[in-house]
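Below: one structure, written as structure tokens.
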Amino acid sequence: MESGLSFNLVPWVVFLPLIGLGINLLVGRKFGERFAGITASLAVGLAFVVSVFLAVALAGHPEGVTVPLVDWITIGSLTVRWAFRVDTLSVVMMLVVSGVGTLIHVYSIGYMHNDVRHNGDEGRFTRFFIFMNLFIAAMMILVSADNFLMMFVGWEGVGLCSYLLIGFWFEKGKDGIGNANAAKKAFITNRIGDFGLLIAMFLIFVNFGTFQFDEVFSQAAAVAAAKPGVMLLITLFMLLGVTGKSAQLPLYVWLPDAMAGPTPVSALIHAATMVTAGVYLVARSSAFYALVPVAQTVVMWVGAATALFAATIAVGQYDIKKVLAYSTISQLGFMVAAVGMGTTVAGMFHLVTHAFFKGLLFLSAGSVIQGVERGMGHHSHGDVDPQDMRQMGGLRKRMPVTFWAYLAGALALSGIAPLAGFFSKDEILASAWHVHPAAFIVLAVAAFLTAFYMGRQLMMVFFGEPRSEAAQKASESSRVVTTPLIVLAVLSVLGGALNLPGLHTLEHWLAHTLGEGNPAQFLWSVAGTSLALALLGISLGWLIYSKKSDGPYVDPLKKALGPLFTGMENKWWVDEIYAVIVLNPYKAFAQFMAEPVDLGLIDRIGGGLAAGTRVLAEGLRKTENGYIRSYGLWMLLGLVAIMTWLFLR
Amino acid sequence: MIPIVYPLSLAVVMFCVGIVGFLLRKNAIVIFMCLELMFNAANLAFITFANHFQLIDGQVIVIFIMTVAAAEVAVGLALMVAIFRTKHTVDIDQLNSLKG
């Protein structure tokens with residue numbers, strides 16, 4: 001069986017990035033930037049090649065295999081293996097992670113070359129690629145795991161890498177601690193979600209006695225029949241994990257702050273891959289969710305609400321990356337809503353196309369930022385924020401490649417036919433139309449807003465007149481930066497071909513793993529509506545923001561919408577509300593535990609014991625007077641006492 | 001056969017002399033001798049009872065004690081010499097460097 005050989009390659013998707021990491025760790029700094037960048041890119045590129053081999057092998061044996069590597073934990077009846085699951089779902093994820101990952105690695109060679117110089121520490125170039133490779137390895141563990149525990153290792157691993165990379169310039173940011181705080185916020189918020197996932201895993205272990213995916217899911221129906229409450233708990237706690245990792249309401253707040261990381265990180269981790277882990281988890285556990293309609297409804301509404309909520313905030317942002325960050329949250333909401341409606345394939349489809357066009361958008365945004373930074377020159381640091389769209393404008397002529405790439409990404413994201421985003425978003429909207437008309441309306445509004453804020457962004461960044469000197473002097477990025485943009489732009493345009501209505505390639509491919517679903521019907525009415533909404537949104541954005549303004553830039557919507565826009569601008573004060581509701585009470589509680597309880601009570605117990613011992617010792621010291629004869633006398637008295645006792649007892 | 005009370009009385013007197021000497025004298029050598037006196041008081045009591053009850057154990061213990069005492073004297077006197085060399089005195093009241 002020649003495909004068996006290919007299947008056995010699967011551990012290499014994890015090993016290759018680890019080898020790249022090891023090489024860079026040992027000698028990366030010695031051989032310079034080019035070597036480090038190429039090594040890291042090659043490691044991920046080879047992982048992509050392996051993924052392609054796996055996909056080819058799967059085409060012949062679509063039922064998939066599990067490739068065990070070692071036994072990890074054996075305690076009593078529990079055996080957890082370190083085993084790789086190769087099936088259609090995991091391979092799709094592997095292809096996306098390593099494929100988009102490779103492009104972003106290549107892009108990073110050019111981007112980080114400038115970034116480390118702009119931030120004034122060239123030594124960090126190698127470190128960046130070490131973290132990136134570590135991330136790819138962790139993500140591969142996550143998607144290729146064949147049990148919940150191994151998946152959790154990857155889950156935590158990507159969280160760690162996310163933390164490390166958000167805080168890559170840990171000494172920069174607001175007050176010199178802003179980036180570090182953003183990293184901390186991401187990590188801690190994710191921990192809250194991880195807590196939910198852990199509880200779900202404990203419940204799975206208690207009720208199923210195993211962590212293995214296939215065993216767990218084959219027992220799911222029986223357990224659901226016997227203990228419906230337990231299943232509900234498992235799915236809901238799992239959802240908490242999903243909201244943490246995939247940045248859904250109410251735990252999405254970390255993702256906008258995560259933009260503190262270098263832009264390739266935002267593209268790879270906070271748009272294309274890591275944040276989709278939650279969607280992947282629900283897709284992987286779709287056997288669970290199918291059994292608990294209540295949980296499905298909750299998941300769907302969380303997704304739909306997030307999609308709309310984040311889209312409104314994206315409209316009011318001025319930071320080019322923040323717009324994309326909220327857009328990511330919104331699109332993740334679409335995916336979560338899709339998997340919540342039981343149309344897992346639609347969610348996965350959108351995940352793949354979103355990886356293309358959101359990766360593209362972020363990378364292009366990075367190119368724009370560096371173009372503006374170049375325009376700023378080296379003398380005017382600090383007074384211009386190179387990410388502020390109010391300072392941009394007219395970049396279309398100065399950065400043509402970036403502009404066309406951005407345009408492709410933006411149109412794909414807005415859902416303009418026949419680009420990738422149209423098909424995937426339409427599939428979600430069509431299934432929402434069937435399952436939940438109310439959710440359809442919410443998602444349709446979110447889709448309209450998506451198109452609107454993308455139109456706004458395009459106008460503000462690329463059209464009109466330059467609004468700052470930096471934008472006027474901006475220049476196009478180097479080829480190593482633009483080439484990945486072009487590749488991703490092509491993918492964003494053609495990505496819809498993966499699952500064309502009528503053909504359903506991805507649907508059939510994933511059916512081997514997820515079970516035969518009913519492919520969402522292509523409805524002309526829905527498709528027409530979504531396309532009309534997208535066109536309307538983008539042209540509205542176009543119209544409103546094409547107006548010339550003189551003097552300091554004021555958003556045209558500010559006048560029209562008034563307080564509503566202020567809310568969007570300020571992210572509906574969610575961070576402030578969390579601060580009042582959660583953070584401040586928690587800090588007060590921590591303060592209480594620290595000062596009255598720890599310092600006052602616990603330390604006083606310890607201190608009291610020490611002081612008591614000291615007083616006792618001071619007293620006893622008097623008896624140690626240094627005269628042998630007094631010791632002798634005490635011995636004698638003791639002897640007499642013992643003798644007396646012996647005689648008289 | 002002398003009555004058992006005589007050697008025992010002698011042992012008690014020796015022991016008391018030893019204790020009093022140990023408690024009252026300052027010279028380390030003398031204190032040492034007092035210790036020996038107490039040892040031998042105990043030895044005397046042991047062999048007295050051994051003879052009285054016609055048991056060999058008491059005599060065995062005495063041999064043990066004498067052996068140990070010999071070793072102890074050797075060590076003790078060596079210590080005295082060493083102390084005298086450093087402190088130029090064997091006055092036990094002066095030797096209180098470890099006093100807290």
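Following the order of the structure tokens, chains are lettered A, B, ..., residues in each are numbered from 1, and ligands are numbered from 1.
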
key: Nearby residues (only C-alpha atoms) at most 12 Å from Phe32 of chain B, same-chain spacing under 3 positions excluded, as a list in words   = Gly18, Ile19, Gly21, Phe22, Leu23, Arg25, Lys26, Asn27, Ala28, Ile29, Leu35, Glu36, Leu37, Met38, Phe39, Ala69, Glu72, Val73, Ala74, Val75, Gly76, Leu77, Leu79, Met80, Val90 and Ile92 of chain B

Chain A near chain B within 6 Å: what's each residue's closest atom pair and its distance in Å to one decimal, counting only C-alpha atoms, ordered by chain then ascending residue number, as a tab-separated table?
```
residue	atom	partner	partner_atom	distance
A:Gly626	CA	B:Asn96	CA	5.0
A:Tyr627	CA	B:Asp93	CA	5.9
A:Arg629	CA	B:Leu23	CA	4.8
```

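Counting from atom CA of Pro62 of chain A, the distance to atom CA of Val86 of chain A is 9.5 Å.
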
Given only C-alpha atoms as the counted atoms, nearest of B:Leu8, B:Val30, B:Ala78, B:Met1 to Phe46 of chain B =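 Checking each of B:Leu8, B:Val30, B:Ala78, B:Met1 against Phe46 of chain B, counting only C-alpha atoms, the winner is B:Leu8.
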
request  = Just the residues within 8 Å of Gly366 of chain A, please, counting only C-alpha atoms, with nothing from its chain fewer than 5 positions along; format it as a ChimeraX atom specification.
outcome  = /A:111,263-264

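When atom CA of Gln248 of chain A is paired with atom CA of Gly303 of chain A, their separation reads 6.8 Å.
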
ask   = Could you pull the residues within 10 Å of Ile313 of chain A, counting only C-alpha atoms, minus those fewer than 4 positions along the same chain, as a PyMOL selection string?
value = chain A and resi 308-309+317+322-323+326-327+330+449+453+565-572

Generate the output file for the selected residues, N, CA and C atoms, as a PDB file, in the first residue's frame.
```pdb
ATOM      1  N   LEU A 308     -22.131  40.670  14.091  1.00  0.00           N
ATOM      2  CA  LEU A 308     -22.730  42.001  13.953  1.00  0.00           C
ATOM      3  C   LEU A 308     -22.013  43.022  14.830  1.00  0.00           C
ATOM      4  N   PHE A 309     -21.789  42.634  16.077  1.00  0.00           N
ATOM      5  CA  PHE A 309     -21.217  43.549  17.062  1.00  0.00           C
ATOM      6  C   PHE A 309     -19.842  44.040  16.626  1.00  0.00           C
ATOM      7  N   GLN A 317     -13.316  52.516  13.453  1.00  0.00           N
ATOM      8  CA  GLN A 317     -11.899  52.502  13.821  1.00  0.00           C
ATOM      9  C   GLN A 317     -11.068  53.294  12.810  1.00  0.00           C
ATOM     10  N   LYS A 322      -6.632  47.793  13.295  1.00  0.00           N
ATOM     11  CA  LYS A 322      -7.770  47.565  14.201  1.00  0.00           C
ATOM     12  C   LYS A 322      -9.022  47.249  13.403  1.00  0.00           C
ATOM     13  N   VAL A 323      -9.188  47.943  12.263  1.00  0.00           N
ATOM     14  CA  VAL A 323     -10.339  47.647  11.403  1.00  0.00           C
ATOM     15  C   VAL A 323     -10.310  46.181  11.007  1.00  0.00           C
ATOM     16  N   TYR A 326     -11.152  43.855  14.011  1.00  0.00           N
ATOM     17  CA  TYR A 326     -12.582  43.704  14.291  1.00  0.00           C
ATOM     18  C   TYR A 326     -13.270  42.965  13.164  1.00  0.00           C
ATOM     19  N   SER A 327     -12.780  43.182  11.938  1.00  0.00           N
ATOM     20  CA  SER A 327     -13.331  42.428  10.821  1.00  0.00           C
ATOM     21  C   SER A 327     -13.083  40.931  11.020  1.00  0.00           C
ATOM     22  N   SER A 330     -15.468  39.599  13.438  1.00  0.00           N
ATOM     23  CA  SER A 330     -16.774  39.501  12.805  1.00  0.00           C
ATOM     24  C   SER A 330     -16.851  38.265  11.907  1.00  0.00           C
ATOM     25  N   LEU A 449     -22.363  45.558   6.694  1.00  0.00           N
ATOM     26  CA  LEU A 449     -21.391  46.409   7.383  1.00  0.00           C
ATOM     27  C   LEU A 449     -19.973  46.050   6.958  1.00  0.00           C
ATOM     28  N   TYR A 453     -17.416  48.844   5.760  1.00  0.00           N
ATOM     29  CA  TYR A 453     -16.148  49.290   6.355  1.00  0.00           C
ATOM     30  C   TYR A 453     -14.970  48.979   5.450  1.00  0.00           C
ATOM     31  N   PHE A 565     -22.025  56.823  16.289  1.00  0.00           N
ATOM     32  CA  PHE A 565     -20.670  56.664  15.774  1.00  0.00           C
ATOM     33  C   PHE A 565     -19.644  56.778  16.895  1.00  0.00           C
ATOM     34  N   THR A 566     -19.944  57.652  17.861  1.00  0.00           N
ATOM     35  CA  THR A 566     -19.028  57.749  18.997  1.00  0.00           C
ATOM     36  C   THR A 566     -18.902  56.397  19.680  1.00  0.00           C
ATOM     37  N   GLY A 567     -20.031  55.691  19.767  1.00  0.00           N
ATOM     38  CA  GLY A 567     -20.003  54.358  20.361  1.00  0.00           C
ATOM     39  C   GLY A 567     -19.116  53.423  19.567  1.00  0.00           C
ATOM     40  N   MET A 568     -19.279  53.450  18.256  1.00  0.00           N
ATOM     41  CA  MET A 568     -18.448  52.579  17.420  1.00  0.00           C
ATOM     42  C   MET A 568     -16.983  52.932  17.566  1.00  0.00           C
ATOM     43  N   GLU A 569     -16.738  54.257  17.567  1.00  0.00           N
ATOM     44  CA  GLU A 569     -15.373  54.736  17.678  1.00  0.00           C
ATOM     45  C   GLU A 569     -14.713  54.227  18.946  1.00  0.00           C
ATOM     46  N   ASN A 570     -15.512  54.187  20.018  1.00  0.00           N
ATOM     47  CA  ASN A 570     -14.960  53.798  21.310  1.00  0.00           C
ATOM     48  C   ASN A 570     -15.224  52.344  21.627  1.00  0.00           C
ATOM     49  N   LYS A 571     -15.471  51.569  20.601  1.00  0.00           N
ATOM     50  CA  LYS A 571     -15.652  50.114  20.750  1.00  0.00           C
ATOM     51  C   LYS A 571     -16.764  49.796  21.735  1.00  0.00           C
ATOM     52  N   TRP A 572     -17.780  50.621  21.724  1.00  0.00           N
ATOM     53  CA  TRP A 572     -18.932  50.469  22.641  1.00  0.00           C
ATOM     54  C   TRP A 572     -18.477  50.397  24.088  1.00  0.00           C
TER      55      TRP A 572
END
```

Just want the 12 Å neighbourhood of Val5 of chain B, counted on only C-alpha atoms, with same-chain residues fewer than 3 positions away dropped. Output as a compact mmCIF listing (two decimals) with N, CA and C atoms, in the first residue's frame.
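Final output, around03.txt:
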```txt
# COMPACT_ATOMS: atom_id res chain seq x y z
N MET B 1 32.96 -13.26 104.92
CA MET B 1 32.05 -12.49 104.03
C MET B 1 31.58 -11.23 104.74
N ILE B 2 32.00 -10.09 104.23
CA ILE B 2 31.59 -8.84 104.87
C ILE B 2 30.18 -8.51 104.43
N LEU B 8 28.72 -1.03 99.76
CA LEU B 8 27.74 -0.12 99.16
C LEU B 8 27.84 1.25 99.77
N SER B 9 28.01 1.30 101.11
CA SER B 9 28.16 2.61 101.75
C SER B 9 29.38 3.31 101.20
N LEU B 10 30.46 2.56 101.05
CA LEU B 10 31.68 3.16 100.50
C LEU B 10 31.41 3.72 99.10
N ALA B 11 30.66 2.92 98.31
CA ALA B 11 30.34 3.39 96.95
C ALA B 11 29.55 4.68 97.00
N VAL B 12 28.54 4.75 97.90
CA VAL B 12 27.73 5.96 98.01
C VAL B 12 28.60 7.14 98.39
N LEU B 44 32.26 -0.25 91.95
CA LEU B 44 32.24 -0.93 93.24
C LEU B 44 30.86 -1.50 93.50
N ALA B 45 29.84 -0.69 93.23
CA ALA B 45 28.47 -1.16 93.44
C ALA B 45 28.18 -2.37 92.56
N THR B 48 29.92 -5.47 93.86
CA THR B 48 29.32 -5.87 95.13
C THR B 48 28.07 -6.71 94.85
N PHE B 49 27.23 -6.17 93.97
CA PHE B 49 26.00 -6.92 93.68
C PHE B 49 26.32 -8.21 92.95
N HIS B 52 27.24 -10.58 95.46
CA HIS B 52 26.12 -10.91 96.33
C HIS B 52 25.16 -11.89 95.66
```

message = Can you measure atom CA of Leu291 of chain A to atom CA of Phe423 of chain A for me? One decimal in Å is fine.
response = 28.1 Å

inquiry  = Run DSSP on the backbone and tell me which residues of segment 1-60 of chain B come out as helix (DSSP H, G or I); list them as number ranges by chain.
reply    = B: 5-24, 28-53, 57-60

Emit the selected residues as a PDB file, in the first residue's frame, including C-alpha atoms.
```pdb
ATOM      1  CA  VAL B   5      26.113  -2.687 103.295  1.00  0.00           C
ATOM      2  CA  TYR B   6      29.815  -1.783 103.821  1.00  0.00           C
ATOM      3  CA  PRO B   7      31.001  -1.752 100.231  1.00  0.00           C
ATOM      4  CA  LEU B   8      27.741  -0.124  99.159  1.00  0.00           C
ATOM      5  CA  SER B   9      28.159   2.609 101.749  1.00  0.00           C
ATOM      6  CA  LEU B  10      31.677   3.158 100.501  1.00  0.00           C
ATOM      7  CA  ALA B  11      30.344   3.388  96.952  1.00  0.00           C
ATOM      8  CA  VAL B  12      27.726   5.962  98.005  1.00  0.00           C
ATOM      9  CA  VAL B  13      30.328   8.036  99.817  1.00  0.00           C
ATOM     10  CA  MET B  14      32.684   7.914  96.825  1.00  0.00           C
ATOM     11  CA  PHE B  15      29.894   8.911  94.478  1.00  0.00           C
ATOM     12  CA  CYS B  16      28.839  11.814  96.635  1.00  0.00           C
ATOM     13  CA  VAL B  17      32.408  13.024  96.945  1.00  0.00           C
ATOM     14  CA  GLY B  18      32.661  12.813  93.168  1.00  0.00           C
ATOM     15  CA  ILE B  19      29.481  14.811  92.635  1.00  0.00           C
ATOM     16  CA  VAL B  20      30.359  17.474  95.124  1.00  0.00           C
ATOM     17  CA  GLY B  21      33.835  17.760  93.668  1.00  0.00           C
ATOM     18  CA  PHE B  22      32.402  17.939  90.169  1.00  0.00           C
ATOM     19  CA  LEU B  23      30.017  20.698  91.134  1.00  0.00           C
ATOM     20  CA  LEU B  24      32.351  22.775  93.228  1.00  0.00           C
ATOM     21  CA  ALA B  28      39.292  20.762  84.884  1.00  0.00           C
ATOM     22  CA  ILE B  29      41.805  18.098  85.908  1.00  0.00           C
ATOM     23  CA  VAL B  30      40.210  17.813  89.322  1.00  0.00           C
ATOM     24  CA  ILE B  31      36.763  17.635  87.775  1.00  0.00           C
ATOM     25  CA  PHE B  32      38.106  14.863  85.661  1.00  0.00           C
ATOM     26  CA  MET B  33      39.304  13.017  88.699  1.00  0.00           C
ATOM     27  CA  CYS B  34      35.903  13.454  90.304  1.00  0.00           C
ATOM     28  CA  LEU B  35      34.342  11.860  87.287  1.00  0.00           C
ATOM     29  CA  GLU B  36      36.692   8.907  87.695  1.00  0.00           C
ATOM     30  CA  LEU B  37      35.688   8.712  91.314  1.00  0.00           C
ATOM     31  CA  MET B  38      32.045   8.416  90.315  1.00  0.00           C
ATOM     32  CA  PHE B  39      32.852   5.780  87.744  1.00  0.00           C
ATOM     33  CA  ASN B  40      34.645   3.737  90.332  1.00  0.00           C
ATOM     34  CA  ALA B  41      31.847   4.161  92.833  1.00  0.00           C
ATOM     35  CA  ALA B  42      29.563   2.647  90.251  1.00  0.00           C
ATOM     36  CA  ASN B  43      32.085  -0.115  89.591  1.00  0.00           C
ATOM     37  CA  LEU B  44      32.244  -0.926  93.244  1.00  0.00           C
ATOM     38  CA  ALA B  45      28.469  -1.161  93.438  1.00  0.00           C
ATOM     39  CA  PHE B  46      28.420  -3.408  90.398  1.00  0.00           C
ATOM     40  CA  ILE B  47      30.895  -5.966  91.681  1.00  0.00           C
ATOM     41  CA  THR B  48      29.316  -5.872  95.125  1.00  0.00           C
ATOM     42  CA  PHE B  49      26.002  -6.920  93.678  1.00  0.00           C
ATOM     43  CA  ALA B  50      27.698  -9.383  91.332  1.00  0.00           C
ATOM     44  CA  ASN B  51      29.274 -11.047  94.298  1.00  0.00           C
ATOM     45  CA  HIS B  52      26.119 -10.911  96.328  1.00  0.00           C
ATOM     46  CA  PHE B  53      23.894 -12.485  93.726  1.00  0.00           C
ATOM     47  CA  ASP B  57      26.993  -9.776  84.482  1.00  0.00           C
ATOM     48  CA  GLY B  58      28.107  -7.214  86.979  1.00  0.00           C
ATOM     49  CA  GLN B  59      31.741  -8.138  86.558  1.00  0.00           C
ATOM     50  CA  VAL B  60      31.436  -7.972  82.805  1.00  0.00           C
TER      51      VAL B  60
END
```

request  = Fewer than 5 positions away in the same chain doesn't count, so skip those; otherwise give me all residues within 9 Å of Met132 of chain A, counting only C-alpha atoms, as an MDAnalysis selection string.
outcome  = chainID A and resid 17 21 40 101 105 127 137 161 165 265 268

Excluding Phe7 of chain A and any residue of its chain fewer than 5 positions from it, enumerate the residues within 8 Å of it, using only C-alpha atoms, and give them as a PDB file with C-alpha atoms, in the first residue's frame.
```
ATOM      1  CA  LEU A  54      -1.085  13.613   2.751  1.00  0.00           C
ATOM      2  CA  ALA A  57      -2.813   9.979  -0.223  1.00  0.00           C
ATOM      3  CA  VAL A  65      -5.755   6.849   9.218  1.00  0.00           C
ATOM      4  CA  VAL A  67      -0.517   7.295  12.838  1.00  0.00           C
ATOM      5  CA  VAL A  86      -4.921  12.150   9.145  1.00  0.00           C
TER       6      VAL A  86
END
```
